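See below for the structure under consideration.
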Number of protein chains: 4
Amino acid sequence: MSGNTFGKLFTVTTFGESHGEALGAIVDGCPPGLELDASDLQHDLDRRRPGTSRHTTQRREPDQVRILSGVFEGVTTGTPIGLLIENTDQRSNDYSKIKDQFRPAHADYTYHHKYGVRDYRGGGRSSARETAMRVAAGAIARKYLASQGIRVRGYMSQLGPIGIDFKQWEAVDSNPFFCPDPDKVPELEAFMDQLRRDQDSVGARITVVAEGVPVGLGEPVFDRLDAELAHGLMSINAVKGVEIGDGFTAVASRGSEHRDEMTPEGFLSNHAGGVLGGISSGQTLVAHLALKPTSSITQPGRSIDIHGEPVEVVTKGRHDPCVGIRATPIAEAMMALTLMDHFLRQRAQNADVEVDTPRLR
Amino acid sequence: MSGNTFGKLFTVTTFGESHGEALGAIVDGCPPGLELDASDLQHDLDRRRPGTSRHTTQRREPDQVRILSGVFEGVTTGTPIGLLIENTDQRSNDYSKIKDQFRPAHADYTYHHKYGVRDYRGGGRSSARETAMRVAAGAIARKYLASQGIRVRGYMSQLGPIGIDFKQWEAVDSNPFFCPDPDKVPELEAFMDQLRRDQDSVGARITVVAEGVPVGLGEPVFDRLDAELAHGLMSINAVKGVEIGDGFTAVASRGSEHRDEMTPEGFLSNHAGGVLGGISSGQTLVAHLALKPTSSITQPGRSIDIHGEPVEVVTKGRHDPCVGIRATPIAEAMMALTLMDHFLRQRAQNADVEVDTPRLR
Amino acid sequence: MSGNTFGKLFTVTTFGESHGEALGAIVDGCPPGLELDASDLQHDLDRRRPGTSRHTTQRREPDQVRILSGVFEGVTTGTPIGLLIENTDQRSNDYSKIKDQFRPAHADYTYHHKYGVRDYRGGGRSSARETAMRVAAGAIARKYLASQGIRVRGYMSQLGPIGIDFKQWEAVDSNPFFCPDPDKVPELEAFMDQLRRDQDSVGARITVVAEGVPVGLGEPVFDRLDAELAHGLMSINAVKGVEIGDGFTAVASRGSEHRDEMTPEGFLSNHAGGVLGGISSGQTLVAHLALKPTSSITQPGRSIDIHGEPVEVVTKGRHDPCVGIRATPIAEAMMALTLMDHFLRQRAQNADVEVDTPRLR
Amino acid sequence: MSGNTFGKLFTVTTFGESHGEALGAIVDGCPPGLELDASDLQHDLDRRRPGTSRHTTQRREPDQVRILSGVFEGVTTGTPIGLLIENTDQRSNDYSKIKDQFRPAHADYTYHHKYGVRDYRGGGRSSARETAMRVAAGAIARKYLASQGIRVRGYMSQLGPIGIDFKQWEAVDSNPFFCPDPDKVPELEAFMDQLRRDQDSVGARITVVAEGVPVGLGEPVFDRLDAELAHGLMSINAVKGVEIGDGFTAVASRGSEHRDEMTPEGFLSNHAGGVLGGISSGQTLVAHLALKPTSSITQPGRSIDIHGEPVEVVTKGRHDPCVGIRATPIAEAMMALTLMDHFLRQRAQNADVEVDTPRLR
């Protein structure tokens with residue numbers, strides 16, 4: 001309720017700073033009886049993990065997660081699930097210089113004014129390292145959703161100026177970019193290599209989808225499925241835009257083309273991205289998110305220090321030249337958490353509902 | 001908590017169907033001592049009201065709001081504020097045909113499956129008529145925020161394919177489109193006239209900004225200001241995309257250009273749109289939203305009925321050919337409600353904070 | 001979330017002052033398909049209504065409730081239910097004297113310091129008149145619970161010094177005290193008549209029970225069923241104590257007597273009051289509440305005014321000499337609301353659970 | 001939000017089973033700048049710790065707490081505080097017998113039916129061991145409250161049939177019972193020694209008070225301070241009753257005696273226990289709670305197993321013959337957490353309020 005909890009019935013509360021002792025989370029509201037062990041979480045954590053290619057930060061964190069409660073004899077018990085990842089590679093750099101400076105486009109300036117005090121080591125709480133816990137919690141949601149026939153997956157759909165068409169799911173996990181088009185990978189690698197030489201960074205666009213979503217998830221008018229999904233996705237570090245279905249393309253389209261007509265055989269299109277009136281339609285749920293370029297680059301930038309004096313900031317340390325590259329598992333996690341919460345909410349209120357009307361595929 | 005409440009400390013809970021007896025809201029958490037009467041709300045309601053030009057629905061609703069509680073001798077008392085608008089122009093059409101059909105791209109199909117029963121008159125709860133209450137509640141937030149030096153305003157930045165540059169605030173309220181460029185209005189009118197002749201509809205893009213926002217609003221990691229704003233804006237009927245600052249443009253930009261450098265005189269740019277790390281930076285808060293074209297058009301469309309049989313749907317009744325035209329006051333309301341809630345949250349937790357560091361303008 | 005909402009999934013949000021225009025509520029989260037009309041609510045409202053005997057306040061309010069939304073063609077639709085009661089007998093007394101005084105043991109002093117401004121007419125928001133909306137909302141919960149075999153009922157178990165044993169449910173609604181022992185009624189009447197002559201007031205103890213509660217309601221560790229019930233009951237005006245089952249009697253008892261042993265035929269006793277570990281056991285849920293004597297009496301009392309000066313306060317107007325007399329329907333409502341919320345929460349999280357173990361009666 | 005979170009702005013979310021790997025908590029919403037280290041928490045944990053006298057369970061847990069986040073260079077940063085206590089003395093008993101049985105008056109039966117699966121080792125999540133985390137979190141609240149002049153303290157006011165009058169605070173921490181009357185301690189010791197010989201258990205009554213509470217805490221009508229306090233206290237294991245101020249004694253009292261009259265020098269009495277209309281009055285906040293006798297006794301008891309067959313249960317293991325003996329620090333923690341949350345809520349909404357009226361002492 002105070003900012004670090006996501007969800008209403010399936011809640012995830014997280015803690016932890018980039019260079020603190022540990023990251024942790026409490027997942028509350030998981031239905032009992034779900035088979036679960038740490039390896040279920042580790043798979044997704046490893047996909048998000050830094051240091052697995054030359055295109056991401058070289059910080060080496062095993063991100064080994066422990067389940068401390070809520071699982072007994074291999075299944076969830078319905079009680080809260082405690083998760084913990086100890087930080088192991090938080091280098092004791094000399095932070096004496098950076099501690100009084102605000103890195104441009106970072107949260108340094110805003111954390112300083114909001115809280116008056118901040119853990120400046122590696123960005124503290126504002127570091128994307130925090131998202132490891134989202135991925136761990138999301139893996140629990142994904143496993144439960146899978147048991148209900150719902151599958152959440154994502155991929156990179158644009159890297160800087162390079163658009164990427166969806167080709168095949170098989171390709172996504174076989175390259176460091178989560179790129180669904182294997183033929184495009186060399187171009188992405190060349191682009192990133194040049195970017196590093198330029199000492200610059202770039203943004204990315206991620207697409208995340210859920211298949212097998214039943215009709216009925218989402219609670220209008222404010223807790224629409226798309227609104228809560230936007231909340232979840234926009235809460236990821238560096239995200240500056242969220243689209244559902246056609247998104248901003250819908251602005252210039254006409255109602256006669258955009259409306260997804262229906263026949264007994266199914267919907268004829270999916271411009272809406274699987275949500276009608278804030279409620280899932282049973283079509284594939286589709287969202288896109290825009291991530292800004294990493295602010296930490298080695299080119300010097302103008303800024304001020306805590307005394308208001310001008311400084312020139314050069315960000316050293318280990319950074320992702322494109323935070324979007326590791327964002328796909330995080331986006332999947334946030335979509336899974338949103339769906340999980342709404343799956344439970346829908347069942348709470350509408351478990352009595354039965355209609356004869358066939359559901360479209 | 002069950003879908004019809006927005007906010008955590010400044011909460012708005014709404015009820016009401018398009019053709020029911022009345023719309024209502026309870027605004028809880030408003031600080032006491034704010035001068036308030038119904039005319040403060042009526043101003044914004046009149047801006048959203050239908051039937052004020054030939055470009056919107058011809059339903060005629062005075063949308064006269066009553067304040068039933070929470071205000072005494074002209075000021076708020078800190079107790080919940082009850083709001084009520086009686087529906088007066090809900091025509092008793094013959095709904096016998098539409099009641100068993102699902103209009104394409106409407107919420108008919110999803111409401112039917114979710115709830116098993118639905119008020120099919122004019123879309124029931126899924127009608128945009130519901131947003132009148134957001135505007136009424138938002139007006140309270142706007143008045144309080146104004147007392148703190150925060151001003152929320154919006155305008156149309158694109159109508160269908162026609163982009164609109166910001167020119168002047170004065171123009172916005174002097175044309176039916178909330179268009180900030182007076183020279184563009186004739187083109188918009190011609191476009192809309194042709195669209196009506198085509199019996200079609202179109203989308204729109206709205207921009208909404210807040211000036212005077214202090215540094216520090218937003219509660220990372222999940223209740224970031226931008227995430228909650230995305231939640232609020234995406235919860236508006238027909239919205240399919242939300243951007244903060246540069247939004248999707250940030251994908252193709254480079255860190256060296258995108259990062260907003262700082263000098264003692266202030267930020268040198270505002271690509272971030274006034275939010276850093278999920279916390280307001282003191283710069284102007286900027287958001288854009290995409291609205292899809294109205295689904296209710298008079299061209300026949302393919303659909304099914306509640307028995308799964310194919311039907312051809314022709315939507316009669318009074319509809320907006322572009323729901324985006326009346327969306328500006330609604331978007332302003334959702335931004336105001338988001339800011340109001342975070343203003344109170346910030347003060348709850350961080351009232352003790354004092355820093356010597358100067359705040360940039 | 002800001003104080004005037006009860007429940008997490010089945011939420012009730014209320015507004016309204018004693019002498020304002022109207023009282024209202026929004027009930028959000030009611031499952032669709034429940035047959036409902038205003039008469040279902042009116043029955044309980046009439047039981048709580050003032051002015052029905054000489055032992056309660058002589059204010060005459062018909063308390064006619066209107067359902068403004070959420071019900072269509074006689075059944076709930078799953079959308080929020082708007083409720084409204086117009087105030088009709090708010091006499092325009094001369095409040096010039098009382099407005100600057102703090103009546104002893106009332107909320108005048110605390111409202112004044114908390115909010116700086118207050119509606120002093122009839123106690124404003126702090127008046128027990130507010131509970132009419134709890135009763136109206138509770139009636140919806142009671143009707144749904146009844147459809148699930150759960151029945152909530154209450155009675156007076158003590159009036160001032162006079163203890164009342166439970167004899168029969170039939171008697172409860174046939175006397176103005178909700179007294180379950182018809183032979184005791186004359187004694188209660190004589191006591192009350194003397195009390196009025198004494199110009200004094202007295203407390204009462206109410207007992208409320210729910211039969212047919214399934215095993216499993218309640219969400220440990222903080223949202224235990226008994227904890228949430230205590231929250232709901234203690235939130236009623238004038239309540240100073242809540243007990244579950246044996247309550248304070250359990251302090252002096254021994255484990256060998258207090259523990260409710262089980263046999264295949266059922267529990268052998270119910271000292272626990274139907275809750276074990278914060279979860280309903282399937283036994284009858286039993287709670288008791290203590291209400292303090294009405295603070296509004298015609299005997300003069302010492303107090304201060306808003307300038308801190310000593311004053312002598314004589315409370316005129318129409319008051320209940322024992323607020324506990326009308327408290328039974330309110331307590332039933334709060335128990336029903338608590339159970340309803342937990343019924344939905346239980347089903348959200350544990351709908352998958354199946355056990356072979358027989359459930360005790 | 002799913003049962004294991006307490007508070008709205010200052011939230012505590014806990015996890016952990018009696019015999020699991022660890023207990024943990026996340027404290028979210030703590031204002032930044034509070035000096036804090038683990039020793040601040042350890043002091044209260046040591047007061048609750050088992051095995052410190054012959055009158056409590058002989059389980060030996062050091063209950064060493066670690067702060068994993070949210071504190072930097074000795075002060076809180078405003079980010080969530082992660083807490084962890086590793087379990088060290090969870091003996092690997094042979095649970096093969098107990099795992100299929102329901103101990104009478106325990107949560108075994110209800111957890112089994114609610115969740116279908118349960119960690120039967122030492123009561124799992126339903127064990128009072130869980131309360132260690134409440135005490136740890138409560139210590140943070142207490143430290144902050146102390147900085148605002150608010151002091152929370154408690155004592156035992158009844159052990160089984162033995163009433164205990166308050167004599168002096170100094171005595172409370174110098175005996176294993178939290179008894180405020182040093183002359184009474186020998187009687188309590190004799191009573192407990194006899195009780196152990198009887199192989200029985202007994203209940204207790206705890207009183208907890210807060211001094212220095214400002215006027216204005218509490219959010220009517222549902223989130224009254226007393227209602228939320230009742231929620232918190234009733235959520236403690238084994239609690240069956242909660243009273244504010246005079247509690248059930250108020251039933252038989254008269255308005256003329258019960259109402260707390262005011263003079264410019266202050267209130268003349270405190271029957272209300274420091275709350276008027278659900279809002280703190282500035283007087284001492286007083287609550288009492290009733291704890292039932294421990295259900296785990298070595299006398300055999302009748303019960304059933306998971307197949308519904310009758311069994312005779314003999315509870316071995318290490319148990320408290322009176323859970324109330326260690327309950328004082330837990331009750332203090334819950335009162336502190338409630339006050340802390342309302343301190344922040346009050347400041348959020350009413351920070352603008354200024355009145356000239358003097359505040360009574």
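In the structure tokens, chains take the letters A, B, ... in the order shown, each chain's residues start at 1, and ligands count up from 1 in the order shown.
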Find the residues in chain B near chain C: any atom within 9 Å counts, using only C-alpha atoms. Write them as a PyMOL selection string. chain B and resi 1-5+7-11+13-17+20-29+31-33+67-73+75-82+114-119+125
- request: Using only C-alpha atoms, determine which residues lie at most 10 Å from Ala141 of chain D, disregarding the query and same-chain residues fewer than 6 positions distant; provide the list as a PyMOL selection string.
  value: chain D and resi 10+27+30+135+147+152+333-341
Output N, CA, C and O atoms for every residue in that selection, as an mmCIF file, in the first residue's frame.
```
data_model
loop_
_atom_site.group_PDB
_atom_site.id
_atom_site.type_symbol
_atom_site.label_atom_id
_atom_site.label_comp_id
_atom_site.auth_asym_id
_atom_site.auth_seq_id
_atom_site.Cartn_x
_atom_site.Cartn_y
_atom_site.Cartn_z
ATOM 1 N N PHE D 10 1.826 2.970 6.662
ATOM 2 C CA PHE D 10 2.982 2.329 7.291
ATOM 3 C C PHE D 10 2.614 0.850 7.313
ATOM 4 O O PHE D 10 1.878 0.397 8.173
ATOM 5 N N VAL D 27 8.763 -3.730 6.047
ATOM 6 C CA VAL D 27 8.135 -2.543 6.612
ATOM 7 C C VAL D 27 8.228 -1.444 5.569
ATOM 8 O O VAL D 27 9.323 -0.998 5.226
ATOM 9 N N CYS D 30 8.077 3.773 6.172
ATOM 10 C CA CYS D 30 8.741 4.430 7.303
ATOM 11 C C CYS D 30 9.356 5.750 6.827
ATOM 12 O O CYS D 30 10.092 5.778 5.842
ATOM 13 N N VAL D 135 6.730 -7.887 16.479
ATOM 14 C CA VAL D 135 7.491 -7.171 17.505
ATOM 15 C C VAL D 135 8.656 -6.405 16.867
ATOM 16 O O VAL D 135 8.920 -5.244 17.214
ATOM 17 N N SER D 147 10.017 9.592 18.916
ATOM 18 C CA SER D 147 10.569 10.865 18.444
ATOM 19 C C SER D 147 9.491 11.943 18.355
ATOM 20 O O SER D 147 9.793 13.122 18.255
ATOM 21 N N VAL D 152 4.417 3.935 24.019
ATOM 22 C CA VAL D 152 3.516 2.791 24.094
ATOM 23 C C VAL D 152 4.083 1.779 25.084
ATOM 24 O O VAL D 152 5.241 1.381 24.970
ATOM 25 N N ALA D 333 3.386 -3.864 20.304
ATOM 26 C CA ALA D 333 3.752 -3.723 18.887
ATOM 27 C C ALA D 333 2.529 -3.388 18.044
ATOM 28 O O ALA D 333 2.571 -2.488 17.196
ATOM 29 N N MET D 334 1.428 -4.088 18.281
ATOM 30 C CA MET D 334 0.241 -3.836 17.459
ATOM 31 C C MET D 334 -0.339 -2.453 17.733
ATOM 32 O O MET D 334 -0.842 -1.790 16.823
ATOM 33 N N MET D 335 -0.261 -2.011 18.976
ATOM 34 C CA MET D 335 -0.734 -0.644 19.243
ATOM 35 C C MET D 335 0.187 0.373 18.567
ATOM 36 O O MET D 335 -0.286 1.350 17.970
ATOM 37 N N ALA D 336 1.471 0.120 18.617
ATOM 38 C CA ALA D 336 2.419 1.051 17.989
ATOM 39 C C ALA D 336 2.220 1.090 16.481
ATOM 40 O O ALA D 336 2.233 2.168 15.870
ATOM 41 N N LEU D 337 2.024 -0.066 15.869
ATOM 42 C CA LEU D 337 1.828 -0.097 14.417
ATOM 43 C C LEU D 337 0.554 0.651 14.029
ATOM 44 O O LEU D 337 0.514 1.369 13.024
ATOM 45 N N THR D 338 -0.495 0.475 14.822
ATOM 46 C CA THR D 338 -1.754 1.168 14.539
ATOM 47 C C THR D 338 -1.577 2.676 14.657
ATOM 48 O O THR D 338 -2.020 3.449 13.790
ATOM 49 N N LEU D 339 -0.931 3.102 15.717
ATOM 50 C CA LEU D 339 -0.717 4.540 15.911
ATOM 51 C C LEU D 339 0.165 5.128 14.817
ATOM 52 O O LEU D 339 -0.073 6.234 14.320
ATOM 53 N N MET D 340 1.192 4.397 14.458
ATOM 54 C CA MET D 340 2.118 4.875 13.432
ATOM 55 C C MET D 340 1.386 5.115 12.120
ATOM 56 O O MET D 340 1.567 6.153 11.465
ATOM 57 N N ASP D 341 0.585 4.144 11.727
ATOM 58 C CA ASP D 341 -0.171 4.263 10.485
ATOM 59 C C ASP D 341 -1.099 5.475 10.530
ATOM 60 O O ASP D 341 -1.179 6.244 9.571
#
```
Notebook entry, point to check: Looking at only C-alpha atoms, which of D:Val313, D:Met234, D:Leu285, D:Leu276 is the one that sits closest to Gly247 of chain C?
Noted result: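 Between D:Val313, D:Met234, D:Leu285, D:Leu276, the residue approaching Gly247 of chain C most closely is D:Met234.
Taking only C-alpha atoms into account, Leu45 of chain A lies nearest to A:Arg129 out of the set A:Arg197, A:Arg254, A:Arg205, A:Arg129.
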**Message:** I'd like the contact shell of Phe178 of chain C - 9 Å cut-off, only C-alpha atoms, skipping same-chain residues fewer than 2 positions apart - returned as a PyMOL selection string.
**Reply:** chain C and resi 154-157+171-176+180+325-326+328
Please produce a file of the residues just selected, as a PDB file, in the first residue's frame, where the atoms kept are C-alpha atoms.
```
ATOM      1  CA  GLY C 154     -28.537 -10.592  16.762  1.00  0.00           C
ATOM      2  CA  TYR C 155     -30.183  -9.660  19.988  1.00  0.00           C
ATOM      3  CA  MET C 156     -29.727  -7.596  23.111  1.00  0.00           C
ATOM      4  CA  SER C 157     -28.021  -9.593  25.841  1.00  0.00           C
ATOM      5  CA  ALA C 171     -39.241 -12.881  20.473  1.00  0.00           C
ATOM      6  CA  VAL C 172     -36.453 -10.666  19.175  1.00  0.00           C
ATOM      7  CA  ASP C 173     -38.373  -8.712  16.585  1.00  0.00           C
ATOM      8  CA  SER C 174     -41.555  -8.458  18.621  1.00  0.00           C
ATOM      9  CA  ASN C 175     -40.327  -5.907  21.154  1.00  0.00           C
ATOM     10  CA  PRO C 176     -38.497  -2.610  20.813  1.00  0.00           C
ATOM     11  CA  PRO C 180     -34.855 -12.615  23.070  1.00  0.00           C
ATOM     12  CA  ILE C 325     -31.483  -0.357  21.724  1.00  0.00           C
ATOM     13  CA  ARG C 326     -31.193   0.306  18.023  1.00  0.00           C
ATOM     14  CA  THR C 328     -28.771  -4.837  16.904  1.00  0.00           C
TER      15      THR C 328
END
```
Out of segment 111-163 of chain D, which residues get helix (DSSP H, G or I) from DSSP, as number ranges by chain? D: 111-115, 121-126, 128-147
* Do you know which residues are at most 9 Å from Gly301 of chain B counting only C-alpha atoms, after dropping those on the same chain fewer than 4 positions away, and could you put them as JSON, numbers by chain? -> {"A": [256, 259, 261, 262], "B": [103, 104, 297, 311, 312, 313, 314, 315]}
In segment 124-292 of chain A, DSSP strand (DSSP E) residues written as a PyMOL selection string: chain A and resi 151-159+162-163+204-211+239-244+262-263+266-267+275-276+279-280+285-291
Keeping only N, CA, C and O atoms, write those residues as a compact mmCIF listing (two decimals), in the first residue's frame.
```txt
# COMPACT_ATOMS: atom_id res chain seq x y z
N ARG A 151 -0.56 -18.54 -21.10
CA ARG A 151 0.88 -18.48 -21.35
C ARG A 151 1.32 -17.05 -21.66
O ARG A 151 0.79 -16.43 -22.57
N VAL A 152 2.29 -16.57 -20.92
CA VAL A 152 2.78 -15.21 -21.09
C VAL A 152 4.17 -15.25 -21.70
O VAL A 152 5.06 -15.95 -21.19
N ARG A 153 4.36 -14.51 -22.79
CA ARG A 153 5.66 -14.48 -23.46
C ARG A 153 5.94 -13.10 -24.05
O ARG A 153 5.00 -12.38 -24.38
N GLY A 154 7.22 -12.78 -24.21
CA GLY A 154 7.55 -11.49 -24.77
C GLY A 154 8.76 -11.55 -25.69
O GLY A 154 9.44 -12.58 -25.77
N TYR A 155 8.98 -10.44 -26.36
CA TYR A 155 10.14 -10.36 -27.25
C TYR A 155 10.47 -8.90 -27.51
O TYR A 155 9.67 -8.01 -27.23
N MET A 156 11.66 -8.66 -28.04
CA MET A 156 12.04 -7.30 -28.42
C MET A 156 11.47 -7.01 -29.81
O MET A 156 11.66 -7.80 -30.73
N SER A 157 10.78 -5.88 -29.94
CA SER A 157 10.20 -5.55 -31.25
C SER A 157 10.87 -4.34 -31.91
O SER A 157 10.54 -4.00 -33.04
N GLN A 158 11.77 -3.73 -31.19
CA GLN A 158 12.55 -2.63 -31.79
C GLN A 158 13.78 -2.38 -30.92
O GLN A 158 13.68 -2.36 -29.68
N LEU A 159 14.93 -2.19 -31.56
CA LEU A 159 16.14 -1.83 -30.83
C LEU A 159 16.65 -0.52 -31.41
O LEU A 159 17.07 -0.49 -32.58
N ILE A 162 16.04 0.21 -35.14
CA ILE A 162 15.84 -1.02 -35.91
C ILE A 162 14.55 -1.73 -35.50
O ILE A 162 14.46 -2.29 -34.40
N GLY A 163 13.55 -1.71 -36.37
CA GLY A 163 12.31 -2.45 -36.11
C GLY A 163 12.53 -3.94 -36.29
O GLY A 163 13.34 -4.38 -37.11
N ALA A 204 14.61 0.82 -26.47
CA ALA A 204 14.10 -0.41 -27.09
C ALA A 204 12.58 -0.46 -26.89
O ALA A 204 12.01 0.22 -26.02
N ARG A 205 11.96 -1.27 -27.71
CA ARG A 205 10.52 -1.51 -27.61
C ARG A 205 10.34 -3.00 -27.40
O ARG A 205 10.95 -3.82 -28.09
N ILE A 206 9.55 -3.34 -26.41
CA ILE A 206 9.30 -4.73 -26.05
C ILE A 206 7.82 -5.03 -26.28
O ILE A 206 6.97 -4.18 -26.00
N THR A 207 7.53 -6.20 -26.77
CA THR A 207 6.15 -6.65 -26.93
C THR A 207 5.94 -7.86 -26.04
O THR A 207 6.78 -8.76 -25.99
N VAL A 208 4.82 -7.85 -25.34
CA VAL A 208 4.54 -8.97 -24.47
C VAL A 208 3.09 -9.40 -24.68
O VAL A 208 2.21 -8.56 -24.86
N VAL A 209 2.88 -10.69 -24.74
CA VAL A 209 1.55 -11.21 -25.06
C VAL A 209 1.16 -12.33 -24.10
O VAL A 209 2.02 -12.99 -23.51
N ALA A 210 -0.13 -12.51 -23.95
CA ALA A 210 -0.64 -13.65 -23.17
C ALA A 210 -1.67 -14.39 -24.00
O ALA A 210 -2.64 -13.79 -24.48
N GLU A 211 -1.45 -15.66 -24.16
CA GLU A 211 -2.40 -16.50 -24.89
C GLU A 211 -3.17 -17.38 -23.91
O GLU A 211 -2.67 -17.76 -22.86
N VAL A 239 10.76 2.72 -18.47
CA VAL A 239 9.63 2.65 -19.40
C VAL A 239 8.97 4.01 -19.50
O VAL A 239 8.68 4.66 -18.50
N LYS A 240 8.73 4.46 -20.73
CA LYS A 240 8.12 5.77 -20.98
C LYS A 240 6.82 5.69 -21.76
O LYS A 240 6.19 6.73 -22.02
N GLY A 241 6.41 4.50 -22.18
CA GLY A 241 5.16 4.39 -22.92
C GLY A 241 4.63 2.97 -22.90
O GLY A 241 5.40 2.01 -22.81
N VAL A 242 3.31 2.87 -22.92
CA VAL A 242 2.66 1.56 -22.94
C VAL A 242 1.51 1.62 -23.95
O VAL A 242 0.75 2.60 -23.98
N GLU A 243 1.41 0.59 -24.75
CA GLU A 243 0.30 0.48 -25.69
C GLU A 243 -0.41 -0.85 -25.50
O GLU A 243 0.23 -1.86 -25.20
N ILE A 244 -1.70 -0.84 -25.68
CA ILE A 244 -2.48 -2.08 -25.71
C ILE A 244 -2.97 -2.26 -27.14
O ILE A 244 -3.55 -1.32 -27.71
N MET A 262 -16.92 -9.79 -35.32
CA MET A 262 -17.02 -11.16 -34.79
C MET A 262 -17.87 -12.02 -35.71
O MET A 262 -18.86 -11.54 -36.26
N THR A 263 -17.49 -13.27 -35.83
CA THR A 263 -18.34 -14.26 -36.49
C THR A 263 -18.38 -15.48 -35.56
O THR A 263 -17.58 -15.56 -34.61
N GLY A 266 -15.12 -16.79 -34.78
CA GLY A 266 -14.17 -16.03 -33.97
C GLY A 266 -14.07 -14.58 -34.38
O GLY A 266 -14.79 -14.12 -35.28
N PHE A 267 -13.19 -13.85 -33.70
CA PHE A 267 -12.94 -12.46 -34.05
C PHE A 267 -12.20 -12.43 -35.39
O PHE A 267 -11.37 -13.31 -35.69
N VAL A 275 -8.61 -6.79 -25.20
CA VAL A 275 -9.36 -6.15 -24.11
C VAL A 275 -10.50 -5.32 -24.68
O VAL A 275 -10.27 -4.49 -25.56
N LEU A 276 -11.69 -5.52 -24.20
CA LEU A 276 -12.85 -4.72 -24.61
C LEU A 276 -13.53 -4.19 -23.35
O LEU A 276 -13.95 -4.96 -22.50
N ILE A 279 -12.04 -5.39 -20.08
CA ILE A 279 -12.18 -6.80 -19.71
C ILE A 279 -11.59 -7.66 -20.81
O ILE A 279 -11.81 -7.39 -22.00
N SER A 280 -10.88 -8.71 -20.44
CA SER A 280 -10.27 -9.58 -21.45
C SER A 280 -11.36 -10.22 -22.31
O SER A 280 -12.41 -10.61 -21.81
N LEU A 285 -3.84 -11.30 -25.49
CA LEU A 285 -3.59 -10.00 -24.86
C LEU A 285 -2.24 -9.49 -25.36
O LEU A 285 -1.24 -10.20 -25.28
N VAL A 286 -2.23 -8.26 -25.89
CA VAL A 286 -1.03 -7.72 -26.53
C VAL A 286 -0.69 -6.35 -25.96
O VAL A 286 -1.54 -5.46 -25.96
N ALA A 287 0.54 -6.21 -25.49
CA ALA A 287 0.99 -4.91 -25.00
C ALA A 287 2.40 -4.63 -25.52
O ALA A 287 3.19 -5.55 -25.74
N HIS A 288 2.66 -3.35 -25.72
CA HIS A 288 3.99 -2.90 -26.13
C HIS A 288 4.49 -1.88 -25.13
O HIS A 288 3.70 -1.10 -24.60
N LEU A 289 5.81 -1.87 -24.91
CA LEU A 289 6.33 -0.85 -24.02
C LEU A 289 7.59 -0.24 -24.59
O LEU A 289 8.35 -0.89 -25.28
N ALA A 290 7.75 1.05 -24.30
CA ALA A 290 8.91 1.80 -24.79
C ALA A 290 9.87 2.03 -23.64
O ALA A 290 9.47 2.53 -22.59
N LEU A 291 11.13 1.65 -23.83
CA LEU A 291 12.15 1.94 -22.82
C LEU A 291 13.10 3.01 -23.36
O LEU A 291 13.54 2.94 -24.51
```
Quiz item: Which is closer to Pro161 of chain A than all the others in A:Met133, A:Ile140, A:Leu188, A:Leu268, using only C-alpha atoms?
Solution: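 Nearest candidate to Pro161 of chain A out of A:Met133, A:Ile140, A:Leu188, A:Leu268: A:Leu188.
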Q. If we count only C-alpha atoms, what is near His319 of chain A at a cut-off of 10 Å, once residues fewer than 5 positions away on the same chain are taken out, given as a list in words?
A. Pro50, His55, Thr56, Thr57, Gln58, Arg59, Gly122, Ser201, Thr294, Ser295, Ser296, Ile297 and Thr298 of chain A
